[in-house]
file start.csv (CSV, C-alpha atoms)
chain,number,residue,atom,x,y,z
A,1,MET,CA,-161.8,105.8,0.5
A,2,ILE,CA,-158.1,105.6,1.2
A,3,HIS,CA,-158.4,107.8,4.3
A,4,LEU,CA,-161.3,105.7,5.4
A,5,ILE,CA,-159.2,102.6,5.4
A,6,LEU,CA,-156.1,104.2,6.7
A,7,ALA,CA,-157.6,106.2,9.5
A,8,ASN,CA,-157.0,104.3,12.7
A,9,SER,CA,-159.4,105.6,15.3
A,10,GLY,CA,-162.5,103.4,15.4
A,11,ALA,CA,-163.2,100.3,17.3
A,12,GLY,CA,-160.8,97.5,16.6
A,13,GLY,CA,-158.3,99.7,14.8
A,14,THR,CA,-160.4,100.8,11.8
A,15,ASN,CA,-163.3,103.1,11.4
A,16,LEU,CA,-164.6,101.4,8.3
A,17,ASP,CA,-168.3,101.1,8.0
A,18,PRO,CA,-169.2,97.6,9.1
A,19,LEU,CA,-171.0,97.0,5.8
A,20,PHE,CA,-167.9,98.1,3.8
A,21,ASP,CA,-165.8,96.0,6.1
A,22,GLU,CA,-167.7,92.9,5.5
A,23,ALA,CA,-168.0,93.4,1.7
A,24,PHE,CA,-164.3,94.1,1.4
A,25,PHE,CA,-163.4,91.1,3.4
A,26,TRP,CA,-165.4,88.6,1.4
A,27,ILE,CA,-164.3,90.1,-2.0
A,28,LEU,CA,-160.7,90.0,-0.9
A,29,ALA,CA,-160.9,86.6,0.7
A,30,VAL,CA,-162.4,85.0,-2.4
A,31,LEU,CA,-159.9,86.7,-4.6
A,32,ALA,CA,-156.9,85.7,-2.4
A,33,VAL,CA,-158.0,82.0,-2.0
A,34,SER,CA,-158.7,81.6,-5.7
A,35,ALA,CA,-155.4,83.3,-6.6
A,36,ALA,CA,-153.6,81.0,-4.2
A,37,LEU,CA,-155.2,77.9,-5.6
A,38,ALA,CA,-154.4,79.1,-9.1
A,39,MET,CA,-150.8,79.6,-8.0
A,40,ILE,CA,-150.3,76.0,-7.1
A,41,LEU,CA,-152.2,74.7,-10.1
A,42,VAL,CA,-150.8,76.8,-13.0
A,43,ARG,CA,-147.9,75.3,-14.9
A,44,GLN,CA,-146.0,78.4,-16.0
A,45,ALA,CA,-143.7,79.8,-13.3
A,46,VAL,CA,-144.4,83.4,-14.4
A,47,HIS,CA,-148.1,83.0,-14.0
A,48,CYS,CA,-147.5,81.6,-10.5
A,49,ALA,CA,-145.5,84.7,-9.6
A,50,LEU,CA,-148.3,86.9,-10.8
A,51,MET,CA,-150.9,85.0,-8.9
A,52,LEU,CA,-148.7,85.3,-5.8
A,53,ALA,CA,-148.7,89.1,-6.4
A,54,VAL,CA,-152.5,89.1,-6.4
A,55,VAL,CA,-152.5,87.2,-3.1
A,56,MET,CA,-150.0,89.6,-1.5
A,57,LEU,CA,-151.9,92.7,-2.7
A,58,CYS,CA,-155.1,91.3,-1.2
A,59,LEU,CA,-153.3,90.7,2.1
A,60,ALA,CA,-152.0,94.3,2.0
A,61,VAL,CA,-155.5,95.7,1.7
A,62,MET,CA,-156.5,93.4,4.6
A,63,TYR,CA,-153.7,94.7,6.8
A,64,ALA,CA,-155.0,98.2,6.1
A,65,MET,CA,-158.5,97.2,7.0
A,66,GLN,CA,-157.3,95.8,10.3
A,67,GLY,CA,-155.6,98.9,11.4
A,68,ALA,CA,-152.1,98.1,10.2
A,69,PRO,CA,-151.4,100.7,7.5
A,70,PHE,CA,-147.7,100.6,8.0
A,71,LEU,CA,-147.6,96.9,7.5
A,72,ALA,CA,-149.8,97.3,4.4
A,73,PHE,CA,-147.3,99.6,2.8
A,74,VAL,CA,-144.4,97.4,3.8
A,75,GLN,CA,-146.2,94.5,2.3
A,76,VAL,CA,-146.6,96.3,-1.0
A,77,ILE,CA,-143.1,97.7,-1.1
A,78,VAL,CA,-141.1,94.8,0.3
A,79,TYR,CA,-143.1,91.8,-0.8
A,80,THR,CA,-144.8,92.8,-4.0
A,81,GLY,CA,-142.1,95.2,-4.9
A,82,ALA,CA,-138.8,93.6,-4.0
A,83,VAL,CA,-139.3,89.9,-3.2
A,84,LEU,CA,-141.6,89.2,-6.2
A,85,MET,CA,-139.4,91.1,-8.5
A,86,LEU,CA,-136.5,89.0,-7.3
A,87,PHE,CA,-138.6,85.9,-8.0
A,88,LEU,CA,-139.4,87.1,-11.5
A,89,PHE,CA,-135.7,87.8,-12.1
A,90,VAL,CA,-134.8,84.3,-11.1
A,91,VAL,CA,-137.7,82.8,-13.1
A,92,MET,CA,-136.5,84.7,-16.2
A,93,LEU,CA,-132.9,83.6,-15.6
A,94,ILE,CA,-133.5,79.9,-15.0
A,95,GLY,CA,-137.0,78.7,-15.1
A,96,ALA,CA,-139.0,80.5,-17.8
A,97,ASN,CA,-138.8,77.9,-20.5
A,98,SER,CA,-138.2,74.8,-18.3
A,99,ALA,CA,-141.6,73.4,-18.2
A,100,GLU,CA,-142.3,71.3,-15.2
A,101,SER,CA,-142.5,67.6,-15.9
A,102,LEU,CA,-145.9,66.2,-15.0
A,103,LYS,CA,-144.5,62.8,-14.3
A,104,GLU,CA,-144.9,61.8,-10.7
A,105,THR,CA,-141.6,60.5,-9.4
A,106,ILE,CA,-143.1,59.4,-6.1
A,107,ARG,CA,-146.2,57.2,-6.8
A,108,GLY,CA,-149.4,58.8,-5.6
A,109,GLN,CA,-147.6,61.9,-4.4
A,110,ARG,CA,-150.4,64.3,-5.5
A,111,LEU,CA,-153.1,62.3,-3.9
A,112,TRP,CA,-151.3,62.0,-0.6
A,113,ALA,CA,-150.3,65.6,-0.7
A,114,GLY,CA,-153.9,66.6,-1.2
A,115,LEU,CA,-155.0,64.3,1.7
A,116,ALA,CA,-152.3,65.7,3.9
A,117,GLY,CA,-153.5,69.2,3.1
A,118,ILE,CA,-157.1,68.4,3.9
A,119,GLY,CA,-156.0,66.8,7.1
A,120,LEU,CA,-153.9,69.8,8.1
A,121,ALA,CA,-156.8,72.1,7.3
A,122,VAL,CA,-159.2,70.0,9.4
A,123,LEU,CA,-156.7,70.0,12.3
A,124,LEU,CA,-156.1,73.7,12.2
A,125,VAL,CA,-159.8,74.7,11.7
A,126,VAL,CA,-160.9,72.4,14.6
A,127,GLY,CA,-158.2,73.7,16.8
A,128,ILE,CA,-158.9,77.3,16.1
A,129,GLY,CA,-162.6,76.7,16.3
A,130,HIS,CA,-162.1,75.4,19.8
A,131,ALA,CA,-160.0,78.4,20.8
A,132,ALA,CA,-161.9,81.4,21.9
A,133,ILE,CA,-161.1,84.1,19.4
A,134,GLY,CA,-162.8,87.2,20.7
A,135,SER,CA,-164.0,90.1,18.7
A,136,ALA,CA,-161.7,93.0,18.1
A,137,ALA,CA,-160.6,94.8,21.2
A,138,PRO,CA,-161.7,98.3,21.6
A,139,THR,CA,-159.1,100.9,21.0
A,140,THR,CA,-156.5,100.9,23.8
A,141,ALA,CA,-153.5,103.0,24.6
A,142,ALA,CA,-151.4,100.8,22.2
A,143,ASN,CA,-153.3,101.5,19.1
A,144,ASN,CA,-155.3,104.6,19.4
A,145,THR,CA,-152.3,106.7,18.9
A,146,ASP,CA,-150.9,106.8,15.4
A,147,ASN,CA,-150.1,103.3,14.2
A,148,LEU,CA,-146.6,104.3,13.0
A,149,THR,CA,-145.7,106.0,16.3
A,150,GLY,CA,-146.9,103.0,18.3
A,151,LEU,CA,-144.9,100.6,16.1
A,152,ALA,CA,-141.8,102.8,16.4
A,153,GLN,CA,-142.1,103.0,20.1
A,154,LEU,CA,-142.4,99.2,20.4
A,155,ILE,CA,-139.6,98.4,17.9
A,156,PHE,CA,-137.1,100.9,19.5
A,157,THR,CA,-137.9,100.0,23.1
A,158,THR,CA,-139.1,96.5,23.7
A,159,TYR,CA,-137.9,94.9,20.5
A,160,VAL,CA,-134.7,96.9,20.0
A,161,PHE,CA,-132.5,93.8,20.4
A,162,PRO,CA,-134.3,91.7,17.8
A,163,PHE,CA,-134.3,94.8,15.6
A,164,GLU,CA,-130.5,95.0,15.8
A,165,VAL,CA,-130.2,91.3,15.2
A,166,THR,CA,-132.3,91.7,12.1
A,167,SER,CA,-129.7,94.1,10.7
A,168,ALA,CA,-127.0,91.5,11.2
A,169,LEU,CA,-129.2,89.0,9.5
A,170,LEU,CA,-129.7,91.2,6.5
A,171,ILE,CA,-126.0,91.9,6.1
A,172,THR,CA,-125.3,88.1,6.4
A,173,ALA,CA,-128.0,87.4,3.8
A,174,ALA,CA,-126.5,90.0,1.4
A,175,LEU,CA,-123.0,88.6,1.8
A,176,GLY,CA,-124.3,85.0,1.5
A,177,ALA,CA,-126.1,85.8,-1.7
A,178,MET,CA,-123.0,87.4,-3.1
A,179,VAL,CA,-120.9,84.4,-2.2
A,180,LEU,CA,-123.3,81.9,-3.5
A,181,ALA,CA,-124.1,83.7,-6.8
A,182,HIS,CA,-120.4,84.4,-7.4
A,183,ARG,CA,-118.9,82.3,-10.2
A,184,GLU,CA,-115.3,81.4,-10.1
A,185,ARG,CA,-113.7,81.8,-13.5
A,186,SER,CA,-112.3,78.4,-14.4
A,187,SER,CA,-110.2,79.7,-17.3
A,188,PRO,CA,-108.3,83.0,-17.6
A,189,LYS,CA,-110.2,85.8,-19.2
A,190,PRO,CA,-109.4,85.9,-23.0
A,191,THR,CA,-107.5,88.9,-24.1
A,192,GLN,CA,-108.5,91.0,-27.0
A,193,ARG,CA,-105.8,89.5,-29.1
A,194,GLU,CA,-107.0,86.0,-28.4
A,195,VAL,CA,-110.6,86.9,-29.2
A,196,ALA,CA,-109.5,88.4,-32.5
A,197,ARG,CA,-107.4,85.4,-33.4
A,198,ARG,CA,-110.2,83.0,-32.6
A,199,LYS,CA,-112.6,85.0,-34.8
A,200,ILE,CA,-110.3,84.9,-37.8
A,201,GLU,CA,-109.7,81.2,-37.3
A,202,SER,CA,-113.4,80.4,-37.2
A,203,GLY,CA,-113.8,81.9,-40.6
A,204,GLN,CA,-116.6,84.3,-39.6
A,205,VAL,CA,-115.2,87.7,-38.8
A,206,GLN,CA,-118.4,89.7,-38.9
A,207,PRO,CA,-121.0,89.3,-36.1
A,208,GLU,CA,-124.0,87.0,-36.6
A,209,PRO,CA,-126.5,88.5,-39.0
A,210,PRO,CA,-129.4,90.1,-37.1
A,211,PRO,CA,-132.9,88.8,-37.7
A,212,GLY,CA,-134.7,90.2,-40.7
A,213,VAL,CA,-131.7,91.2,-42.8
A,214,TYR,CA,-132.6,91.0,-46.5
A,215,ALA,CA,-135.9,89.5,-45.5
A,216,LEU,CA,-139.3,90.9,-46.1
A,217,HIS,CA,-139.9,91.9,-42.5
A,218,ASN,CA,-137.6,92.9,-39.7
A,219,ALA,CA,-139.4,90.9,-37.1
A,220,VAL,CA,-137.1,89.2,-34.6
A,221,ASP,CA,-138.5,85.7,-35.3
A,222,LEU,CA,-137.7,86.0,-39.0
A,223,PRO,CA,-134.3,84.5,-39.9
A,224,ALA,CA,-131.9,86.6,-41.9
A,225,ARG,CA,-131.2,86.0,-45.6
A,226,LEU,CA,-127.7,85.5,-46.6
A,227,PRO,CA,-126.4,87.2,-49.8
A,228,ASP,CA,-126.9,83.9,-51.7
A,229,GLY,CA,-130.6,83.9,-51.0
A,230,SER,CA,-130.6,81.1,-48.4
A,231,THR,CA,-131.7,81.8,-44.8
A,232,THR,CA,-129.7,81.3,-41.7
A,233,ASP,CA,-131.2,80.1,-38.4
A,234,ARG,CA,-128.3,81.5,-36.5
A,235,SER,CA,-129.9,84.9,-36.6
A,236,VAL,CA,-132.9,83.9,-34.5
A,237,SER,CA,-132.7,83.5,-30.7
A,238,THR,CA,-133.2,79.9,-29.6
A,239,ALA,CA,-135.8,81.0,-27.2
A,240,ILE,CA,-138.0,82.4,-30.0
A,241,ALA,CA,-137.5,79.3,-32.1
A,242,GLN,CA,-138.6,77.2,-29.1
A,243,ARG,CA,-141.6,79.4,-28.7
A,244,ASP,CA,-142.5,78.9,-32.3
A,245,VAL,CA,-142.3,75.2,-31.8
A,246,GLN,CA,-144.5,75.4,-28.7
A,247,LEU,CA,-147.1,77.4,-30.6
A,248,GLY,CA,-147.1,74.8,-33.4
A,249,ARG,CA,-145.6,77.1,-36.0
A,250,GLU,CA,-142.9,76.2,-38.4
A,251,PRO,CA,-139.9,78.0,-37.0
A,252,LEU,CA,-138.1,78.6,-40.3
A,253,ASP,CA,-141.1,79.3,-42.5
A,254,THR,CA,-139.5,82.1,-44.4
A,255,GLU,CA,-139.3,81.4,-48.1
A,256,VAL,CA,-141.8,83.9,-49.3
A,257,THR,CA,-142.6,83.1,-52.9
A,258,ASP,CA,-145.8,84.9,-52.9
A,259,LEU,CA,-145.6,87.4,-55.8
A,260,SER,CA,-148.4,89.5,-54.6
A,261,VAL,CA,-146.5,90.2,-51.5
A,262,GLU,CA,-143.5,91.4,-53.5
A,263,GLU,CA,-145.7,93.5,-55.7
A,264,ARG,CA,-147.4,95.0,-52.7
A,265,ILE,CA,-144.1,95.9,-51.1
A,266,ASP,CA,-142.9,97.5,-54.4
A,267,ALA,CA,-146.1,99.5,-54.5
A,268,GLU,CA,-145.6,100.6,-50.9
A,269,ARG,CA,-142.1,101.6,-51.7
A,270,GLN,CA,-143.2,103.7,-54.6
A,271,LEU,CA,-145.9,105.3,-52.5
A,272,GLU,CA,-143.3,106.1,-49.9
A,273,THR,CA,-140.8,107.7,-52.3
A,274,GLY,CA,-143.6,109.6,-53.9
A,275,ALA,CA,-144.7,111.0,-50.5
A,276,ARG,CA,-141.1,111.8,-49.6
A,277,GLY,CA,-140.7,113.7,-52.9
A,278,SER,CA,-143.8,115.7,-52.3
A,279,GLU,CA,-142.6,116.6,-48.8
A,280,ASP,CA,-139.3,117.8,-50.2
A,281,GLN,CA,-140.9,120.2,-52.6
B,282,MET,CA,-165.3,91.4,10.5
B,283,SER,CA,-164.2,89.6,13.6
B,284,PRO,CA,-160.6,88.5,13.8
B,285,ALA,CA,-161.7,84.9,13.6
B,286,HIS,CA,-162.6,85.3,10.0
B,287,TYR,CA,-159.1,86.6,9.2
B,288,VAL,CA,-157.6,83.7,11.2
B,289,PHE,CA,-159.6,81.1,9.2
B,290,LEU,CA,-158.6,82.8,5.9
B,291,ALA,CA,-155.0,82.6,7.1
B,292,VAL,CA,-155.5,78.9,7.8
B,293,ILE,CA,-156.8,78.3,4.3
B,294,LEU,CA,-154.0,80.2,2.7
B,295,PHE,CA,-151.4,78.4,4.9
B,296,VAL,CA,-152.8,75.0,3.9
B,297,ILE,CA,-152.8,75.9,0.2
B,298,GLY,CA,-149.2,76.9,0.6
B,299,ALA,CA,-148.3,73.7,2.3
B,300,VAL,CA,-149.9,71.6,-0.4
B,301,GLY,CA,-148.0,73.7,-3.0
B,302,VAL,CA,-144.7,72.9,-1.2
B,303,LEU,CA,-145.6,69.2,-1.4
B,304,VAL,CA,-146.9,69.1,-4.9
B,305,ARG,CA,-144.7,71.4,-7.0
B,306,ARG,CA,-141.5,70.2,-8.6
B,307,ASN,CA,-139.8,73.4,-9.6
B,308,ALA,CA,-137.8,74.8,-6.7
B,309,ILE,CA,-138.8,78.3,-7.5
B,310,LEU,CA,-142.5,77.4,-7.1
B,311,VAL,CA,-141.7,75.6,-3.8
B,312,PHE,CA,-140.2,78.9,-2.7
B,313,MET,CA,-143.3,80.8,-3.7
B,314,SER,CA,-145.5,78.4,-1.8
B,315,VAL,CA,-143.3,79.0,1.3
B,316,GLU,CA,-143.8,82.7,0.8
B,317,LEU,CA,-147.5,82.2,0.7
B,318,MET,CA,-147.4,80.3,4.0
B,319,LEU,CA,-145.4,83.1,5.6
B,320,ASN,CA,-147.9,85.6,4.3
B,321,ALA,CA,-150.7,83.6,5.9
B,322,CYS,CA,-148.9,83.6,9.2
B,323,ASN,CA,-148.5,87.4,8.9
B,324,LEU,CA,-152.3,87.8,8.4
B,325,ALA,CA,-152.9,85.7,11.5
B,326,PHE,CA,-150.5,87.8,13.5
B,327,VAL,CA,-152.2,91.0,12.4
B,328,ALA,CA,-155.6,89.6,13.2
B,329,PHE,CA,-154.4,88.6,16.7
B,330,ALA,CA,-152.8,92.0,17.2
B,331,ARG,CA,-156.2,93.6,16.5
B,332,MET,CA,-158.0,91.1,18.7
B,333,HIS,CA,-155.7,91.9,21.7
B,334,GLY,CA,-155.7,95.6,20.9
B,335,ASN,CA,-151.9,96.0,21.1
B,336,LEU,CA,-149.3,96.3,18.4
B,337,ASP,CA,-147.0,93.4,19.3
B,338,GLY,CA,-148.5,91.2,16.6
B,339,GLN,CA,-147.8,93.8,14.0
B,340,VAL,CA,-144.2,94.1,15.2
B,341,VAL,CA,-143.8,90.3,14.9
B,342,ALA,CA,-145.3,90.4,11.4
B,343,PHE,CA,-142.8,93.1,10.5
B,344,PHE,CA,-139.9,90.9,11.7
B,345,VAL,CA,-141.3,87.9,9.7
B,346,MET,CA,-141.3,90.1,6.6
B,347,VAL,CA,-137.6,91.0,7.2
B,348,VAL,CA,-136.6,87.4,7.8
B,349,ALA,CA,-138.6,86.3,4.7
B,350,ALA,CA,-136.8,88.8,2.6
B,351,ALA,CA,-133.4,87.5,3.8
B,352,GLU,CA,-134.5,83.9,3.3
B,353,VAL,CA,-135.6,84.6,-0.3
B,354,VAL,CA,-132.3,86.3,-1.1
B,355,VAL,CA,-130.2,83.4,0.1
B,356,GLY,CA,-132.6,80.7,-1.2
B,357,LEU,CA,-132.7,82.1,-4.7
B,358,ALA,CA,-128.9,82.4,-4.7
B,359,ILE,CA,-128.6,78.8,-3.8
B,360,LEU,CA,-131.1,78.0,-6.5
B,361,MET,CA,-129.0,79.8,-9.0
B,362,ALA,CA,-125.9,78.0,-7.9
B,363,ILE,CA,-127.7,74.6,-8.2
B,364,TYR,CA,-129.1,75.5,-11.6
B,365,ARG,CA,-125.6,76.5,-12.8
B,366,ALA,CA,-124.2,73.2,-11.7
B,367,ARG,CA,-127.0,70.9,-12.8
B,368,LYS,CA,-128.9,72.8,-15.5
B,369,SER,CA,-132.1,72.0,-13.7
B,370,ALA,CA,-134.3,73.7,-11.1
B,371,SER,CA,-136.3,70.6,-10.2
B,372,VAL,CA,-136.2,69.5,-6.6
B,373,ASP,CA,-136.0,65.8,-7.8
B,374,ASP,CA,-132.7,66.3,-9.5
B,375,ALA,CA,-130.9,67.7,-6.5
B,376,ASN,CA,-130.4,64.3,-4.7
B,377,LEU,CA,-126.7,64.2,-4.3
B,378,LEU,CA,-126.8,64.6,-0.5
B,379,LYS,CA,-128.5,61.2,-0.4
B,380,TYR,CA,-125.3,59.3,-0.9
call {"tool": "encode", "arguments": {"input": "start.csv", "output": "C-alpha cells"}}
result
Amino acid sequence: MIHLILANSGAGGTNLDPLFDEAFFWILAVLAVSAALAMILVRQAVHCALMLAVVMLCLAVMYAMQGAPFLAFVQVIVYTGAVLMLFLFVVMLIGANSAESLKETIRGQRLWAGLAGIGLAVLLVVGIGHAAIGSAAPTTAANNTDNLTGLAQLIFTTYVFPFEVTSALLITAALGAMVLAHRERSSPKPTQREVARRKIESGQVQPEPPPGVYALHNAVDLPARLPDGSTTDRSVSTAIAQRDVQLGREPLDTEVTDLSVEERIDAERQLETGARGSEDQ
Amino acid sequence: MSPAHYVFLAVILFVIGAVGVLVRRNAILVFMSVELMLNACNLAFVAFARMHGNLDGQVVAFFVMVVAAAEVVVGLAILMAIYRARKSASVDDANLLKY
C-alpha cells in the first residue's frame, strides 16, 4: 500500500487506483474537517493540539496521494513531530489548567465571527468555482523523475536564493526565541550558605514530606501523615488538588477510619511475610 | 480526485482556521488556528502543483513550512514572555499597547 501511494509515475503524479484515490480522499477529507471543527470547539488546549495533529496527519497522507512524498514526510516530521511537540510543551508550561473563560468580552463576537467565516467561505468557494481548475496534468518532465530529485534541482537552482534566506530566517528565529525566553535574574543567586540559613530560620529543615508517607496508600494524590497523626496538604501538588476539585472529589479526603481496611492490610502483610519466609527456606 | 476537490477542502480548512482565530481567547489556540490556515494553504499549493504538472508549488509549500516553523518558535517565545509578565495567556489581557 505504501509503495502504491509513494510511487510517482502515473498520471497526475500518483498511480493510485482511481477508486482507492476517491475513497481515500473522502475518508481523509471528512476526518480532517471534523477534526478541524473539533479543534476550534473543544475547550481543553491539549485536546486542541491532538485534533490539530489529526488534521496534519490527514494532510500528510493527502500530500502523498498527490505525488508529493517528500512533503508528506516533511509534514509528519516537522509539523506533527516538531511544531506540535513545541505547542504541547508550551501548553504544559502555561495553559494546561488555565481554562478559557467563556464570557464574551466583545458583545456578539461569536455570532459575527461565524457570519464572517461563512462569508469568507462563500467568497472563496464562488471565486474558486469561477476559476477554471483543470484536472491533473499528465506527467511532465518536472514530475516524472523522482520527486526528491526534481525538488532538489528546483531548490538548488531556481530557488537557491530564497533557500539561503531561509537559513538566515531560521537562525534569526532561534536567536529571537533565546532572547525572548531568557529571564533576567532580578536578585543575585542565593549561595549555599544563604539557602541553609533560610532553611534553619524557617523552622523546617527537612524537605516537604512526599505524598503517601505514613498513609495507607502511596498514591500521589494522598497527603502525607505527620507523626502526630494529622495530614498535611503540603505534600500534594497543587495541580493534583485542583484536578480533584474539578472532578468533584474532596481533595483531602484521607482520614481512613474503616477498620476493615486496616484489617485487610494487616492480613495482606501477614500473607506477604509468610510468602517471603517460604521463599527463604 | 481532481485538484479542485483538494482546493475546496483547503478552502474549508482555511475558513475553519480563520473562525478559530476570531473566536478563541487563548493565545496558544489562536496560534494553532493560524497553523491550520497555513496547512490549508499548503494543501492548495500541492494541489496546484499537481494541476500544472510541475514542482514549483511543492517548493513553495516547503518554504511555507520552514517559515511556519520559525514563526511558531518566535510566537511561542513571545507567549511565554507575556505569560511570565501577566500570568495569563488570554489575548484579552494583553491590551497594554492600546494606551
call {"tool": "residues_around", "arguments": {"input": "start.csv", "residues": "A:Gly127", "least_positions_apart": "6", "cutoff": "12 Å", "atoms": "only C-alpha atoms", "output": "list in words"}}
result
Leu120, Ala121 and Ile133 of chain A; Val288, Phe289 and Val292 of chain B
call {"tool": "atom_distance", "arguments": {"input": "start.csv", "atom1": "atom CA of B:Asn320", "atom2": "atom CA of B:Gly338"}}
result
13.5 Å
call {"tool": "closest_residue", "arguments": {"input": "start.csv", "among": "B:Val341, B:Ala366, B:Ala291, B:Ala285", "to": "chain A", "atoms": "all atoms listed in the file"}}
result
B:Ala285
call {"tool": "residues_around", "arguments": {"input": "start.csv", "residues": "A:Phe25", "least_positions_apart": "4", "cutoff": "8 Å", "atoms": "all atoms listed in the file", "output": "PyMOL selection string"}}
result
(chain A and resi 21+29+62) or (chain B and resi 282)
call {"tool": "interface_residues", "arguments": {"input": "start.csv", "of": "chain B", "to": "chain A", "cutoff": "8 Å", "atoms": "only C-alpha atoms", "output": "NGL selection string"}}
result
:B and (282-285 or 289-290 or 292-294 or 296-301 or 303-307 or 309-310 or 313-314 or 317 or 320 or 324 or 327-328 or 331-337 or 339-340 or 342-344 or 346-348 or 350-355 or 357-359 or 361-362 or 364 or 370-371 or 373)
call {"tool": "atom_distance", "arguments": {"input": "start.csv", "atom1": "atom CA of B:Val345", "atom2": "atom CA of B:Ala325"}}
result
11.9 Å
call {"tool": "atom_distance", "arguments": {"input": "start.csv", "atom1": "atom CA of A:Ser237", "atom2": "atom CA of B:Asp374"}}
result
27.3 Å
call {"tool": "residues_around", "arguments": {"input": "start.csv", "residues": "B:Phe312", "least_positions_apart": "4", "cutoff": "8 Å", "atoms": "only C-alpha atoms", "output": "PyMOL selection string"}}
result
chain B and resi 302+308+316+353+356
call {"tool": "closest_residue", "arguments": {"input": "start.csv", "among": "A:Pro223, A:His130, A:Arg198, A:Leu28", "to": "B:Tyr287", "atoms": "all atoms listed in the file"}}
result
A:Leu28
